[in-house]
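Below is the file upload_14.pdb, which contains PDB, C-alpha atoms.
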```pdb
ATOM      1  CA  MET A   1      36.668  39.817  45.374  1.00  0.00           C
ATOM      2  CA  ILE A   2      40.291  39.252  46.373  1.00  0.00           C
ATOM      3  CA  PHE A   3      41.265  39.839  50.015  1.00  0.00           C
ATOM      4  CA  VAL A   4      44.758  41.355  50.281  1.00  0.00           C
ATOM      5  CA  ASP A   5      46.850  40.847  53.402  1.00  0.00           C
ATOM      6  CA  SER A   6      49.075  43.505  54.955  1.00  0.00           C
ATOM      7  CA  SER A   7      52.172  41.537  53.898  1.00  0.00           C
ATOM      8  CA  VAL A   8      51.400  42.424  50.270  1.00  0.00           C
ATOM      9  CA  TRP A   9      50.218  45.986  50.904  1.00  0.00           C
ATOM     10  CA  ILE A  10      53.361  46.830  52.871  1.00  0.00           C
ATOM     11  CA  ASP A  11      55.600  45.465  50.113  1.00  0.00           C
ATOM     12  CA  PHE A  12      53.476  47.259  47.503  1.00  0.00           C
ATOM     13  CA  PHE A  13      53.786  50.652  49.200  1.00  0.00           C
ATOM     14  CA  ASN A  14      57.514  50.084  49.784  1.00  0.00           C
ATOM     15  CA  GLY A  15      58.090  49.410  46.077  1.00  0.00           C
ATOM     16  CA  VAL A  16      59.075  45.770  46.554  1.00  0.00           C
ATOM     17  CA  GLN A  17      58.700  43.807  43.337  1.00  0.00           C
ATOM     18  CA  SER A  18      57.359  40.298  43.819  1.00  0.00           C
ATOM     19  CA  VAL A  19      54.819  37.955  42.313  1.00  0.00           C
ATOM     20  CA  GLU A  20      52.336  39.156  44.942  1.00  0.00           C
ATOM     21  CA  THR A  21      52.859  42.901  44.420  1.00  0.00           C
ATOM     22  CA  GLU A  22      52.737  42.453  40.633  1.00  0.00           C
ATOM     23  CA  CYS A  23      49.473  40.556  41.072  1.00  0.00           C
ATOM     24  CA  LEU A  24      48.054  43.340  43.241  1.00  0.00           C
ATOM     25  CA  ASP A  25      49.148  45.992  40.757  1.00  0.00           C
ATOM     26  CA  GLY A  26      47.357  44.073  38.008  1.00  0.00           C
ATOM     27  CA  LEU A  27      44.194  43.706  40.082  1.00  0.00           C
ATOM     28  CA  LEU A  28      43.785  47.335  41.143  1.00  0.00           C
ATOM     29  CA  GLY A  29      41.176  49.071  39.021  1.00  0.00           C
ATOM     30  CA  LYS A  30      40.286  45.833  37.210  1.00  0.00           C
ATOM     31  CA  GLU A  31      39.026  43.402  39.846  1.00  0.00           C
ATOM     32  CA  PRO A  32      37.313  43.907  43.212  1.00  0.00           C
ATOM     33  CA  VAL A  33      39.953  44.089  45.954  1.00  0.00           C
ATOM     34  CA  GLY A  34      39.299  44.206  49.674  1.00  0.00           C
ATOM     35  CA  LEU A  35      41.065  44.184  52.993  1.00  0.00           C
ATOM     36  CA  GLY A  36      40.160  43.876  56.643  1.00  0.00           C
ATOM     37  CA  ASP A  37      39.909  46.645  59.186  1.00  0.00           C
ATOM     38  CA  LEU A  38      42.830  45.132  61.103  1.00  0.00           C
ATOM     39  CA  VAL A  39      44.887  44.982  57.890  1.00  0.00           C
ATOM     40  CA  LEU A  40      44.082  48.671  57.391  1.00  0.00           C
ATOM     41  CA  ILE A  41      45.534  49.406  60.830  1.00  0.00           C
ATOM     42  CA  GLU A  42      48.664  47.335  60.206  1.00  0.00           C
ATOM     43  CA  VAL A  43      49.385  49.064  56.898  1.00  0.00           C
ATOM     44  CA  LEU A  44      48.553  52.664  57.816  1.00  0.00           C
ATOM     45  CA  GLN A  45      50.404  52.681  61.136  1.00  0.00           C
ATOM     46  CA  GLY A  46      53.673  52.050  59.301  1.00  0.00           C
ATOM     47  CA  PHE A  47      53.722  55.312  57.347  1.00  0.00           C
ATOM     48  CA  ARG A  48      56.118  57.952  58.642  1.00  0.00           C
ATOM     49  CA  SER A  49      55.385  60.654  56.074  1.00  0.00           C
ATOM     50  CA  ASP A  50      52.032  62.443  56.327  1.00  0.00           C
ATOM     51  CA  PRO A  51      51.612  62.787  52.536  1.00  0.00           C
ATOM     52  CA  ASP A  52      52.342  59.072  52.010  1.00  0.00           C
ATOM     53  CA  TYR A  53      49.922  58.214  54.814  1.00  0.00           C
ATOM     54  CA  ARG A  54      47.168  60.334  53.249  1.00  0.00           C
ATOM     55  CA  THR A  55      47.738  58.801  49.798  1.00  0.00           C
ATOM     56  CA  ALA A  56      47.657  55.244  51.153  1.00  0.00           C
ATOM     57  CA  ARG A  57      44.618  55.984  53.310  1.00  0.00           C
ATOM     58  CA  LYS A  58      42.738  57.386  50.321  1.00  0.00           C
ATOM     59  CA  LEU A  59      43.557  54.332  48.199  1.00  0.00           C
ATOM     60  CA  LEU A  60      42.829  51.746  50.876  1.00  0.00           C
ATOM     61  CA  THR A  61      39.555  53.282  52.035  1.00  0.00           C
ATOM     62  CA  SER A  62      38.343  53.448  48.427  1.00  0.00           C
ATOM     63  CA  LEU A  63      38.339  49.633  48.483  1.00  0.00           C
ATOM     64  CA  THR A  64      36.032  47.303  50.379  1.00  0.00           C
ATOM     65  CA  VAL A  65      37.122  47.259  54.029  1.00  0.00           C
ATOM     66  CA  PHE A  66      35.650  44.303  55.913  1.00  0.00           C
ATOM     67  CA  THR A  67      35.027  44.259  59.655  1.00  0.00           C
ATOM     68  CA  LEU A  68      36.825  41.090  60.718  1.00  0.00           C
ATOM     69  CA  GLY A  69      35.598  40.522  64.252  1.00  0.00           C
ATOM     70  CA  GLY A  70      32.498  39.273  65.974  1.00  0.00           C
ATOM     71  CA  GLN A  71      31.554  36.258  68.051  1.00  0.00           C
ATOM     72  CA  ASP A  72      30.895  33.877  65.147  1.00  0.00           C
ATOM     73  CA  ILE A  73      34.231  34.447  63.415  1.00  0.00           C
ATOM     74  CA  ALA A  74      36.053  34.459  66.775  1.00  0.00           C
ATOM     75  CA  ILE A  75      34.740  30.977  67.566  1.00  0.00           C
ATOM     76  CA  LYS A  76      35.515  29.713  64.061  1.00  0.00           C
ATOM     77  CA  SER A  77      39.027  31.169  64.375  1.00  0.00           C
ATOM     78  CA  ALA A  78      39.578  29.424  67.706  1.00  0.00           C
ATOM     79  CA  ASP A  79      38.326  26.174  66.163  1.00  0.00           C
ATOM     80  CA  ASN A  80      40.725  26.579  63.224  1.00  0.00           C
ATOM     81  CA  PHE A  81      43.650  27.355  65.539  1.00  0.00           C
ATOM     82  CA  ARG A  82      42.886  24.219  67.562  1.00  0.00           C
ATOM     83  CA  LEU A  83      42.514  22.096  64.428  1.00  0.00           C
ATOM     84  CA  LEU A  84      45.917  23.250  63.163  1.00  0.00           C
ATOM     85  CA  ARG A  85      47.492  22.673  66.559  1.00  0.00           C
ATOM     86  CA  LYS A  86      46.207  19.086  66.430  1.00  0.00           C
ATOM     87  CA  GLN A  87      48.049  18.803  63.111  1.00  0.00           C
ATOM     88  CA  GLY A  88      51.247  19.931  64.856  1.00  0.00           C
ATOM     89  CA  VAL A  89      51.064  23.509  63.571  1.00  0.00           C
ATOM     90  CA  THR A  90      51.074  26.489  65.903  1.00  0.00           C
ATOM     91  CA  VAL A  91      50.125  29.734  64.188  1.00  0.00           C
ATOM     92  CA  ARG A  92      52.189  32.587  65.591  1.00  0.00           C
ATOM     93  CA  LYS A  93      49.773  35.478  65.101  1.00  0.00           C
ATOM     94  CA  THR A  94      46.122  35.552  66.100  1.00  0.00           C
ATOM     95  CA  ILE A  95      45.411  38.152  63.411  1.00  0.00           C
ATOM     96  CA  ASP A  96      46.534  35.652  60.751  1.00  0.00           C
ATOM     97  CA  VAL A  97      44.124  33.068  62.147  1.00  0.00           C
ATOM     98  CA  LEU A  98      41.339  35.650  62.017  1.00  0.00           C
ATOM     99  CA  ILE A  99      42.164  36.749  58.439  1.00  0.00           C
ATOM    100  CA  ALA A 100      42.442  33.193  57.141  1.00  0.00           C
ATOM    101  CA  THR A 101      39.236  32.124  58.878  1.00  0.00           C
ATOM    102  CA  PHE A 102      37.370  35.165  57.545  1.00  0.00           C
ATOM    103  CA  CYS A 103      38.513  34.362  53.997  1.00  0.00           C
ATOM    104  CA  ILE A 104      37.626  30.676  54.357  1.00  0.00           C
ATOM    105  CA  ASP A 105      34.213  31.566  55.783  1.00  0.00           C
ATOM    106  CA  ARG A 106      33.474  34.013  52.957  1.00  0.00           C
ATOM    107  CA  ASP A 107      35.184  31.880  50.273  1.00  0.00           C
ATOM    108  CA  LEU A 108      37.499  34.780  49.420  1.00  0.00           C
ATOM    109  CA  PRO A 109      40.878  34.081  47.845  1.00  0.00           C
ATOM    110  CA  LEU A 110      43.717  35.573  49.879  1.00  0.00           C
ATOM    111  CA  LEU A 111      46.658  37.403  48.341  1.00  0.00           C
ATOM    112  CA  HIS A 112      49.527  37.278  50.804  1.00  0.00           C
ATOM    113  CA  ALA A 113      53.307  37.072  51.090  1.00  0.00           C
ATOM    114  CA  ASP A 114      53.338  35.368  54.485  1.00  0.00           C
ATOM    115  CA  LYS A 115      54.266  31.712  54.964  1.00  0.00           C
ATOM    116  CA  ASP A 116      52.166  31.635  58.142  1.00  0.00           C
ATOM    117  CA  PHE A 117      49.107  31.160  55.907  1.00  0.00           C
ATOM    118  CA  SER A 118      50.501  27.934  54.377  1.00  0.00           C
ATOM    119  CA  PRO A 119      48.825  25.601  56.920  1.00  0.00           C
ATOM    120  CA  PHE A 120      45.480  27.236  56.175  1.00  0.00           C
ATOM    121  CA  HIS A 121      45.930  26.374  52.494  1.00  0.00           C
ATOM    122  CA  GLN A 122      47.110  22.862  53.316  1.00  0.00           C
ATOM    123  CA  TYR A 123      44.603  21.832  55.994  1.00  0.00           C
ATOM    124  CA  LEU A 124      41.657  24.231  55.824  1.00  0.00           C
ATOM    125  CA  LYS A 125      41.183  24.922  52.109  1.00  0.00           C
ATOM    126  CA  LEU A 126      42.066  28.616  52.195  1.00  0.00           C
ATOM    127  CA  ARG A 127      41.985  29.771  48.568  1.00  0.00           C
ATOM    128  CA  SER A 128      45.083  31.473  47.160  1.00  0.00           C
ATOM    129  CA  ALA A 129      44.622  34.508  44.941  1.00  0.00           C
ATOM    130  CA  ILE A 130      47.784  33.595  43.030  1.00  0.00           C
ATOM    131  CA  ALA A 131      46.606  30.063  42.238  1.00  0.00           C
ATOM    132  CA  GLY A 132      43.153  31.356  41.312  1.00  0.00           C
ATOM    133  CA  LEU A 133      44.272  33.858  38.705  1.00  0.00           C
TER     134      LEU A 133
END
```

Encoded form (structure tokens):
Amino acid sequence: MIFVDSSVWIDFFNGVQSVETECLDGLLGKEPVGLGDLVLIEVLQGFRSDPDYRTARKLLTSLTVFTLGGQDIAIKSADNFRLLRKQGVTVRKTIDVLIATFCIDRDLPLLHADKDFSPFHQYLKLRSAIAGL
């Protein structure tokens, strides 16, 4: 299972060509791909056209959609944020801390196009989907 972040989905639906979107395109229909409920919100809320929204919603909800929250993952996320802060890194978005922590906890490689995940790779052993393929 590969967890795909909103940074890749948004580029994918906008037709941006990148290593990450090419990777996603190659994975779809061939490998298990998942996303989080909060990623689903981030991606779907950006659609202006109803037909595009319906198409994206159908595709995304056909995949595994993980529920990201809960007390256990919240505490682990806070611990990871604090650990990174002790390393001199302040993560800008709580949702990124939650996504990275969820992937680390479940040992899921993350496909992303967001440099904010770099400290999680460096200090917390977040697996990269690009490096793992």

How would you write as a count of residues only the residues that get within 12 Å of (32.2, 31.9, 54.0) in the file's frame, counting all atoms listed in the file? 17

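Here the question is which of A:Val4, A:Val43, A:Val65, A:Leu98 gets nearest to Phe81 (chain A) using only C-alpha atoms, and that residue is A:Leu98.
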
Name the residues captured by the PyMOL selection byres ((chain A and resi 18-22) around 12) when it is applied to the shown file; answer as an MDAnalysis selection string. chainID A and resid 4:17 23:28 110:114 128:131 133

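Pairwise distance (CA of Val97 (chain A), CA of Gln45 (chain A)) equals 20.6 Å.
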
Can you work out the spacing between CA of Leu63 (chain A) and CA of Val33 (chain A) in Å, to one decimal? 6.3 Å

Step by step, work through what the PyMOL selection byres ((chain A and resi 84) around 12) selects in the shown file, and finish by giving those residues as a ChimeraX atom specification. /A:77-83,85-92,97,101,116-124

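Computed from the coordinates, the CA of Asp37 (chain A) to CA of Thr61 (chain A) distance equals 9.8 Å.
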
Using the chain letters and numbers from the file, which residues does the PyMOL selection byres ((chain A and resi 44) around 12) grab, as a JSON list (two decimals) with C-alpha atoms, in the frame of the given file?
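Result went into out_31.json, see below:
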```json
[["chain", "number", "residue", "atom", "x", "y", "z"],
["A", 6, "SER", "CA", 49.08, 43.50, 54.96],
["A", 9, "TRP", "CA", 50.22, 45.99, 50.90],
["A", 10, "ILE", "CA", 53.36, 46.83, 52.87],
["A", 13, "PHE", "CA", 53.79, 50.65, 49.20],
["A", 37, "ASP", "CA", 39.91, 46.64, 59.19],
["A", 38, "LEU", "CA", 42.83, 45.13, 61.10],
["A", 39, "VAL", "CA", 44.89, 44.98, 57.89],
["A", 40, "LEU", "CA", 44.08, 48.67, 57.39],
["A", 41, "ILE", "CA", 45.53, 49.41, 60.83],
["A", 42, "GLU", "CA", 48.66, 47.34, 60.21],
["A", 43, "VAL", "CA", 49.38, 49.06, 56.90],
["A", 45, "GLN", "CA", 50.40, 52.68, 61.14],
["A", 46, "GLY", "CA", 53.67, 52.05, 59.30],
["A", 47, "PHE", "CA", 53.72, 55.31, 57.35],
["A", 48, "ARG", "CA", 56.12, 57.95, 58.64],
["A", 49, "SER", "CA", 55.38, 60.65, 56.07],
["A", 50, "ASP", "CA", 52.03, 62.44, 56.33],
["A", 51, "PRO", "CA", 51.61, 62.79, 52.54],
["A", 52, "ASP", "CA", 52.34, 59.07, 52.01],
["A", 53, "TYR", "CA", 49.92, 58.21, 54.81],
["A", 54, "ARG", "CA", 47.17, 60.33, 53.25],
["A", 55, "THR", "CA", 47.74, 58.80, 49.80],
["A", 56, "ALA", "CA", 47.66, 55.24, 51.15],
["A", 57, "ARG", "CA", 44.62, 55.98, 53.31],
["A", 58, "LYS", "CA", 42.74, 57.39, 50.32],
["A", 59, "LEU", "CA", 43.56, 54.33, 48.20],
["A", 60, "LEU", "CA", 42.83, 51.75, 50.88],
["A", 61, "THR", "CA", 39.56, 53.28, 52.04]]
```

Can you complete the atoms of region 118-129 of chain A to N, CA and C atoms and list them as a PDB file, in the coordinates of the input?
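Okay, this is what ended up in rebuild08.pdb:
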```
ATOM      1  N   SER A 118      50.356  29.240  55.056  1.00  0.00           N
ATOM      2  CA  SER A 118      50.501  27.934  54.377  1.00  0.00           C
ATOM      3  C   SER A 118      49.662  26.820  55.006  1.00  0.00           C
ATOM      4  N   PRO A 119      49.650  26.677  56.349  1.00  0.00           N
ATOM      5  CA  PRO A 119      48.825  25.601  56.920  1.00  0.00           C
ATOM      6  C   PRO A 119      47.334  25.765  56.641  1.00  0.00           C
ATOM      7  N   PHE A 120      46.894  26.999  56.481  1.00  0.00           N
ATOM      8  CA  PHE A 120      45.480  27.236  56.175  1.00  0.00           C
ATOM      9  C   PHE A 120      45.151  26.754  54.763  1.00  0.00           C
ATOM     10  N   HIS A 121      46.109  26.914  53.843  1.00  0.00           N
ATOM     11  CA  HIS A 121      45.930  26.374  52.494  1.00  0.00           C
ATOM     12  C   HIS A 121      45.947  24.849  52.544  1.00  0.00           C
ATOM     13  N   GLN A 122      46.899  24.311  53.280  1.00  0.00           N
ATOM     14  CA  GLN A 122      47.110  22.862  53.316  1.00  0.00           C
ATOM     15  C   GLN A 122      45.986  22.101  54.012  1.00  0.00           C
ATOM     16  N   TYR A 123      45.554  22.586  55.177  1.00  0.00           N
ATOM     17  CA  TYR A 123      44.603  21.832  55.994  1.00  0.00           C
ATOM     18  C   TYR A 123      43.165  22.351  55.977  1.00  0.00           C
ATOM     19  N   LEU A 124      42.987  23.634  55.662  1.00  0.00           N
ATOM     20  CA  LEU A 124      41.657  24.231  55.824  1.00  0.00           C
ATOM     21  C   LEU A 124      41.066  24.806  54.539  1.00  0.00           C
ATOM     22  N   LYS A 125      41.713  24.534  53.423  1.00  0.00           N
ATOM     23  CA  LYS A 125      41.183  24.922  52.109  1.00  0.00           C
ATOM     24  C   LYS A 125      41.075  26.430  51.906  1.00  0.00           C
ATOM     25  N   LEU A 126      41.989  27.190  52.499  1.00  0.00           N
ATOM     26  CA  LEU A 126      42.066  28.616  52.195  1.00  0.00           C
ATOM     27  C   LEU A 126      42.455  28.759  50.731  1.00  0.00           C
ATOM     28  N   ARG A 127      41.713  29.554  49.995  1.00  0.00           N
ATOM     29  CA  ARG A 127      41.985  29.771  48.568  1.00  0.00           C
ATOM     30  C   ARG A 127      43.089  30.811  48.406  1.00  0.00           C
ATOM     31  N   SER A 128      43.994  30.537  47.478  1.00  0.00           N
ATOM     32  CA  SER A 128      45.083  31.473  47.160  1.00  0.00           C
ATOM     33  C   SER A 128      44.694  32.327  45.964  1.00  0.00           C
ATOM     34  N   ALA A 129      44.915  33.619  46.053  1.00  0.00           N
ATOM     35  CA  ALA A 129      44.622  34.508  44.941  1.00  0.00           C
ATOM     36  C   ALA A 129      45.585  34.260  43.773  1.00  0.00           C
TER      37      ALA A 129
END
```
